[in-house]
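J.: File coords.txt follows (compact mmCIF, C-alpha atoms):
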```
# COMPACT_ATOMS: atom_id res chain seq x y z
CA MET A 1 8.31 -8.00 7.69
CA SER A 2 6.05 -7.37 10.66
CA ILE A 3 2.34 -8.07 10.81
CA ASN A 4 2.12 -4.58 12.29
CA LEU A 5 2.50 -3.21 8.77
CA PHE A 6 -1.14 -4.17 8.25
CA ASP A 7 -2.43 -2.92 11.61
CA LEU A 8 -5.10 -0.21 11.26
CA ALA A 9 -5.68 0.39 14.97
CA GLY A 10 -6.41 4.05 15.68
CA LYS A 11 -7.34 4.79 12.06
CA THR A 12 -10.68 6.12 10.83
CA ALA A 13 -11.93 4.88 7.47
CA LEU A 14 -14.75 6.37 5.40
CA ILE A 15 -16.26 3.89 2.94
CA THR A 16 -18.82 5.62 0.75
CA GLY A 17 -21.89 3.50 0.15
CA GLY A 18 -20.50 0.84 2.48
CA VAL A 19 -23.90 -0.37 3.66
CA HIS A 20 -23.99 -3.68 1.75
CA GLY A 21 -22.21 -5.89 -0.77
CA LEU A 22 -18.57 -5.44 -1.66
CA GLY A 23 -18.30 -2.11 0.16
CA MET A 24 -19.42 -3.70 3.40
CA SER A 25 -17.03 -6.62 2.94
CA MET A 26 -14.07 -4.29 2.46
CA ALA A 27 -15.17 -2.19 5.42
CA LYS A 28 -15.39 -5.31 7.60
CA GLY A 29 -11.84 -6.19 6.60
CA LEU A 30 -10.62 -2.75 7.68
CA GLY A 31 -12.68 -2.96 10.87
CA HIS A 32 -11.22 -6.33 11.83
CA ALA A 33 -7.76 -4.86 11.20
CA GLY A 34 -8.55 -2.25 13.86
CA ALA A 35 -10.01 0.75 12.01
CA LYS A 36 -13.10 2.68 13.02
CA ILE A 37 -15.60 2.45 10.17
CA VAL A 38 -17.74 5.28 8.80
CA VAL A 39 -20.27 4.60 6.04
CA ASN A 40 -22.76 6.78 4.21
CA ASP A 41 -25.95 6.27 2.23
CA LEU A 42 -29.01 8.22 1.15
CA SER A 43 -31.21 6.13 3.48
CA GLN A 44 -31.13 6.32 7.28
CA GLU A 45 -32.76 2.89 7.41
CA ALA A 46 -29.95 1.36 5.34
CA ILE A 47 -27.34 3.05 7.53
CA ASP A 48 -28.94 1.86 10.76
CA LYS A 49 -29.06 -1.71 9.46
CA ALA A 50 -25.45 -1.60 8.30
CA VAL A 51 -24.10 -0.06 11.52
CA ALA A 52 -25.92 -2.75 13.51
CA GLU A 53 -24.32 -5.42 11.31
CA TYR A 54 -20.83 -3.98 11.86
CA LYS A 55 -21.34 -3.74 15.61
CA SER A 56 -22.63 -7.32 15.73
CA VAL A 57 -19.20 -8.54 14.62
CA GLY A 58 -17.32 -6.28 17.03
CA ILE A 59 -16.50 -3.37 14.71
CA GLU A 60 -16.79 0.25 15.85
CA ALA A 61 -18.97 1.83 13.19
CA TYR A 62 -20.81 5.07 12.42
CA GLY A 63 -23.18 6.15 9.67
CA TYR A 64 -24.07 9.45 8.02
CA VAL A 65 -26.79 10.34 5.53
CA PHE A 66 -25.51 12.44 2.62
CA ASN A 67 -25.22 12.47 -1.16
CA VAL A 68 -21.66 12.00 -2.42
CA CYS A 69 -22.56 14.00 -5.55
CA ASP A 70 -23.46 17.11 -3.52
CA GLU A 71 -20.25 18.94 -2.63
CA THR A 72 -21.91 21.16 -0.03
CA ALA A 73 -23.24 18.08 1.77
CA VAL A 74 -19.91 16.28 1.42
CA ILE A 75 -17.99 19.19 2.98
CA ALA A 76 -20.46 19.49 5.87
CA ASN A 77 -20.40 15.78 6.62
CA ILE A 78 -16.62 15.45 6.42
CA LYS A 79 -16.41 18.22 9.00
CA GLN A 80 -18.98 16.45 11.19
CA ILE A 81 -17.29 13.05 10.86
CA GLU A 82 -13.90 14.44 11.78
CA ALA A 83 -15.37 16.27 14.78
CA GLU A 84 -17.40 13.30 16.06
CA VAL A 85 -15.36 10.24 15.05
CA GLY A 86 -11.88 11.44 14.14
CA PRO A 87 -9.74 12.61 11.23
CA ILE A 88 -10.32 10.52 8.11
CA ASP A 89 -7.13 8.52 7.57
CA ILE A 90 -8.53 6.18 4.90
CA LEU A 91 -11.08 6.90 2.17
CA ILE A 92 -12.61 4.22 -0.03
CA ASN A 93 -14.69 5.68 -2.86
CA ASN A 94 -17.05 2.74 -3.24
CA ALA A 95 -20.45 4.32 -4.04
CA GLY A 96 -21.52 3.60 -7.58
CA ILE A 97 -24.36 2.82 -9.96
CA ILE A 98 -24.76 1.11 -13.34
CA LYS A 99 -27.37 1.40 -16.07
CA ARG A 100 -27.40 -1.40 -18.64
CA THR A 101 -28.58 0.21 -21.87
CA PRO A 102 -27.18 0.00 -25.41
CA ILE A 103 -25.47 3.24 -26.42
CA ILE A 104 -27.91 3.98 -29.23
CA GLU A 105 -30.86 3.70 -26.82
CA MET A 106 -29.33 5.48 -23.82
CA GLU A 107 -30.64 8.87 -22.80
CA VAL A 108 -28.11 11.60 -22.09
CA GLU A 109 -29.61 12.02 -18.62
CA ASP A 110 -28.92 8.37 -17.76
CA PHE A 111 -25.37 8.53 -19.12
CA THR A 112 -24.76 11.69 -17.09
CA ALA A 113 -26.20 10.12 -13.93
CA VAL A 114 -23.70 7.24 -14.06
CA ILE A 115 -20.76 9.55 -14.76
CA THR A 116 -21.82 11.80 -11.88
CA VAL A 117 -21.97 9.02 -9.27
CA ASP A 118 -19.13 6.82 -10.50
CA LEU A 119 -16.58 9.45 -11.55
CA ILE A 120 -17.49 12.92 -10.32
CA SER A 121 -18.36 11.87 -6.77
CA PRO A 122 -14.91 10.30 -6.15
CA PHE A 123 -13.44 13.62 -7.33
CA ILE A 124 -15.67 15.55 -4.92
CA VAL A 125 -15.10 13.35 -1.88
CA SER A 126 -11.37 12.80 -2.46
CA LYS A 127 -10.70 16.49 -3.05
CA ASN A 128 -12.26 17.46 0.25
CA VAL A 129 -10.90 14.56 2.34
CA ALA A 130 -7.43 15.13 0.88
CA LYS A 131 -7.34 18.69 2.22
CA GLY A 132 -7.28 17.34 5.76
CA MET A 133 -4.84 14.58 4.88
CA ILE A 134 -2.43 17.15 3.44
CA GLN A 135 -2.60 19.20 6.64
CA ARG A 136 -2.00 16.09 8.77
CA GLY A 137 0.84 14.78 6.62
CA GLY A 138 -0.62 11.73 4.94
CA GLY A 139 -3.47 9.37 4.20
CA LYS A 140 -4.80 6.58 2.01
CA ILE A 141 -7.35 6.93 -0.81
CA ILE A 142 -8.73 3.90 -2.63
CA ASN A 143 -10.97 4.28 -5.66
CA ILE A 144 -13.12 1.28 -6.55
CA CYS A 145 -12.50 0.80 -10.24
CA SER A 146 -13.59 -2.19 -12.30
CA MET A 147 -12.54 -4.56 -15.04
CA MET A 148 -14.49 -2.05 -17.12
CA SER A 149 -11.59 0.31 -16.38
CA GLU A 150 -9.78 -1.83 -18.97
CA LEU A 151 -12.45 -3.56 -21.07
CA GLY A 152 -15.72 -2.73 -22.74
CA ARG A 153 -18.87 -4.84 -22.60
CA ASP A 154 -22.29 -4.70 -24.20
CA SER A 155 -24.69 -2.15 -22.67
CA VAL A 156 -22.35 -0.63 -20.06
CA SER A 157 -20.96 2.35 -21.97
CA ALA A 158 -21.51 4.92 -19.21
CA TYR A 159 -20.13 2.61 -16.52
CA ALA A 160 -17.05 1.76 -18.61
CA ALA A 161 -16.49 5.44 -19.41
CA ALA A 162 -16.74 6.34 -15.72
CA LYS A 163 -14.52 3.51 -14.50
CA GLY A 164 -11.95 4.15 -17.22
CA GLY A 165 -11.94 7.78 -16.17
CA LEU A 166 -11.64 6.77 -12.52
CA LYS A 167 -8.52 4.77 -13.31
CA MET A 168 -6.89 7.87 -14.80
CA LEU A 169 -8.19 10.13 -12.05
CA THR A 170 -6.56 7.75 -9.56
CA LYS A 171 -3.24 8.11 -11.36
CA ASN A 172 -3.54 11.90 -11.42
CA MET A 173 -4.42 12.04 -7.71
CA ALA A 174 -1.27 10.02 -7.05
CA THR A 175 0.72 12.39 -9.25
CA GLU A 176 -0.46 15.47 -7.36
CA TRP A 177 -0.68 14.16 -3.80
CA ALA A 178 2.16 11.65 -3.37
CA LYS A 179 4.44 14.48 -2.24
CA PHE A 180 2.09 14.96 0.73
CA ASN A 181 2.49 11.29 1.78
CA ILE A 182 -0.96 10.41 0.41
CA GLN A 183 -1.13 7.08 -1.38
CA THR A 184 -3.93 6.96 -3.97
CA ASN A 185 -4.66 3.60 -5.55
CA GLY A 186 -7.55 1.63 -6.96
CA ILE A 187 -9.11 -1.80 -6.61
CA GLY A 188 -10.70 -3.39 -9.66
CA PRO A 189 -13.05 -6.21 -8.63
CA GLY A 190 -13.88 -9.02 -11.01
CA TYR A 191 -17.16 -10.91 -10.87
CA PHE A 192 -18.28 -11.55 -7.31
CA ALA A 193 -20.90 -13.66 -5.60
CA THR A 194 -23.28 -11.07 -4.15
CA SER A 195 -27.04 -10.85 -3.64
CA GLN A 196 -27.24 -8.99 -6.95
CA THR A 197 -25.62 -11.82 -8.90
CA ALA A 198 -27.43 -14.64 -7.06
CA PRO A 199 -30.14 -15.12 -9.75
CA ILE A 200 -27.55 -15.84 -12.43
CA ARG A 201 -25.11 -17.86 -10.30
CA VAL A 202 -26.84 -21.16 -10.97
CA ASP A 203 -25.64 -24.17 -12.96
CA GLY A 204 -26.77 -23.99 -16.53
CA HIS A 205 -27.25 -20.23 -16.65
CA PRO A 206 -25.28 -18.98 -19.70
CA PHE A 207 -23.62 -16.09 -17.85
CA ASN A 208 -22.68 -18.28 -14.87
CA ASP A 209 -21.09 -20.80 -17.23
CA PHE A 210 -19.32 -17.99 -19.08
CA ILE A 211 -17.78 -16.57 -15.87
CA ILE A 212 -16.63 -19.96 -14.60
CA LYS A 213 -14.98 -20.77 -17.94
CA ARG A 214 -13.59 -17.26 -18.50
CA THR A 215 -11.99 -16.98 -15.04
CA PRO A 216 -8.70 -18.88 -14.61
CA ALA A 217 -9.59 -19.44 -10.95
CA ALA A 218 -12.78 -21.14 -12.27
CA ARG A 219 -15.09 -19.52 -9.75
CA TRP A 220 -16.87 -16.33 -8.78
CA GLY A 221 -15.08 -14.17 -6.25
CA ASP A 222 -16.15 -14.28 -2.62
CA PRO A 223 -16.69 -10.73 -1.28
CA ASP A 224 -14.15 -11.48 1.45
CA ASP A 225 -11.53 -11.93 -1.30
CA LEU A 226 -11.40 -8.12 -1.49
CA GLN A 227 -10.45 -7.65 2.15
CA GLY A 228 -6.74 -8.35 1.76
CA ALA A 229 -6.38 -5.82 -1.05
CA ALA A 230 -8.31 -3.20 0.92
CA ILE A 231 -6.24 -3.75 4.06
CA PHE A 232 -2.97 -3.66 2.10
CA LEU A 233 -3.80 -0.40 0.33
CA SER A 234 -5.02 1.15 3.62
CA SER A 235 -1.97 0.21 5.68
CA LYS A 236 1.71 1.07 6.05
CA ALA A 237 2.46 -1.98 3.90
CA SER A 238 1.58 0.13 0.83
CA ASP A 239 3.42 3.32 1.76
CA PHE A 240 5.40 3.32 -1.52
CA VAL A 241 2.54 2.12 -3.73
CA ASN A 242 0.90 4.95 -5.64
CA GLY A 243 -1.26 5.25 -8.74
CA HIS A 244 -1.72 1.48 -9.01
CA ILE A 245 -4.94 -0.36 -9.84
CA LEU A 246 -5.01 -3.74 -8.09
CA TYR A 247 -7.33 -6.06 -10.03
CA VAL A 248 -8.91 -8.75 -7.86
CA ASP A 249 -10.46 -10.80 -10.62
CA GLY A 250 -9.28 -14.38 -10.39
CA GLY A 251 -7.05 -13.79 -13.41
CA ILE A 252 -9.65 -12.71 -15.99
CA LEU A 253 -7.59 -9.79 -17.28
CA ALA A 254 -4.53 -12.02 -17.58
CA THR A 255 -5.98 -14.17 -20.35
CA ILE A 256 -8.22 -14.10 -23.41
CA GLY A 257 -9.91 -17.22 -22.03
CA LYS A 258 -10.53 -20.68 -23.45
CA PRO A 259 -11.99 -21.19 -26.91
CA SER A 260 -15.57 -22.44 -26.81
CA ASN A 261 -14.55 -25.87 -28.06
CA GLU A 262 -12.12 -26.50 -25.16
CA ASP A 263 -13.05 -28.24 -21.93
```
For this file, write the structure as structure tokens.
T.:
Amino acid sequence: MSINLFDLAGKTALITGGVHGLGMSMAKGLGHAGAKIVVNDLSQEAIDKAVAEYKSVGIEAYGYVFNVCDETAVIANIKQIEAEVGPIDILINNAGIIKRTPIIEMEVEDFTAVITVDLISPFIVSKNVAKGMIQRGGGKIINICSMMSELGRDSVSAYAAAKGGLKMLTKNMATEWAKFNIQTNGIGPGYFATSQTAPIRVDGHPFNDFIIKRTPAARWGDPDDLQGAAIFLSSKASDFVNGHILYVDGGILATIGKPSNED
């Protein structure tokens, strides 16, 4: 097996919402493997900051302001990206939101907002990027799923519904597009050490202790732990992998965990 199987030189990758956190980490992995990186956000300030960060570590990067839930804007920006940067060879549908509200208290508008961003936007973006991939004879699409694609949890009903739906949408994209040499797969991150989780990642915090004990690897994930999965699913190494969700979770989904009375 050659290391060239993982080489992304000459490829253009669009990572939606890739201006911070796990999206940025995956994008950096692709960039260091040779891909040109394109990210989007609703804020020009966030894009400028992210592009500067990518360039500071030697990655060729570009940013565009548009809403992934607006199909007219998505179509216009895909056309612009492909004219200015190059055909989109790799798409990572990373943009997402979560609203933590018990079902009985959740407003329909909030439930709909999560479904729109986390499930409908990957449909919109993938549909329109795939048209070009079909014409060119191939491509890679990666949907960022979640452990909530498999499990429920208190107060995340909309998120779990969206991510469960995204898992099945991924499989259906693979079913319809594999014949065009498009590989559509998903990545399901576990619990990761990000700026958002920093306040609870302290010794003695109940949730921190729960994650450490619940995860066979006995630690939170480092955002860079996602880079290998992203590179693999973006490269020739995964040319016969389709409709698969790769869970990067330290083994959480492999076990029911330790009873509370075990060390």
J.: Would you compute the distance between CA of Phe66 in chain A and CA of Leu119 in chain A? Give it in Å to one decimal.
T.: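 That distance, rounded to one decimal, is 17.0 Å.
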J.: With all atoms listed in the file as the basis for distance, which of A:Val129, A:Met173, A:Gln44, A:Lys11 is at the shortest distance from Ala76 in chain A?
T.: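 For Ala76 in chain A, the nearest of the candidates is A:Val129.
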J.: I'd like the contact shell of Glu82 in chain A - 10 Å cut-off, only C-alpha atoms, skipping same-chain residues fewer than 5 positions apart - returned as a list of chain:residue names.
T.: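 Counting only the stated atoms, we get A:Thr12, A:Asn77, A:Pro87, A:Ile88, A:Asp89, A:Val129, A:Gly132.
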J.: Which neighbours of Gly23 in chain A fall inside 8 Å, counting all atoms listed in the file, when residues of the same chain fewer than 6 positions from it are skipped, and could you give them as a list of chain:residue names?
T.: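 Everything that qualifies: A:Ile15, A:Thr16, A:Gly17, A:Asn94, A:Ala95.
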J.: Taking only C-alpha atoms into account, name the residue in A:Ala193, A:Asp239, A:Tyr159, A:Tyr247 that is nearest to Leu22 in chain A.
T.: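 Looking at the shortest contact to Leu22 in chain A, the residue is A:Ala193.
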J.: Would you compute the distance between CA of Thr116 in chain A and CA of Ala73 in chain A? Give it in Å to one decimal.
T.: 15.1 Å
J.: Set the distance at 8 Å and use all atoms listed in the file: which residues neighbour Ala158 in chain A once local chain neighbours fewer than 4 positions away are removed? I'd like the list as a PyMOL selection string.
T.: chain A and resi 98-99+111-112+114-115+162
J.: Edge lengths and centre in Å to one decimal, as AutoDock Vina command-line options, is what I'm after for the box along x, y and z that holds all listed atoms of range 128-140 of chain A once 4 Å is added on each side.
T.:
```
--center_x -5.7 --center_y 12.9 --center_z 4.5 --size_x 21.1 --size_y 20.6 --size_z 16.5
```
J.: Could you state the separation of CA of Ile245 in chain A and CA of Gly152 in chain A in Å, given to one decimal place?
T.: 17.0 Å
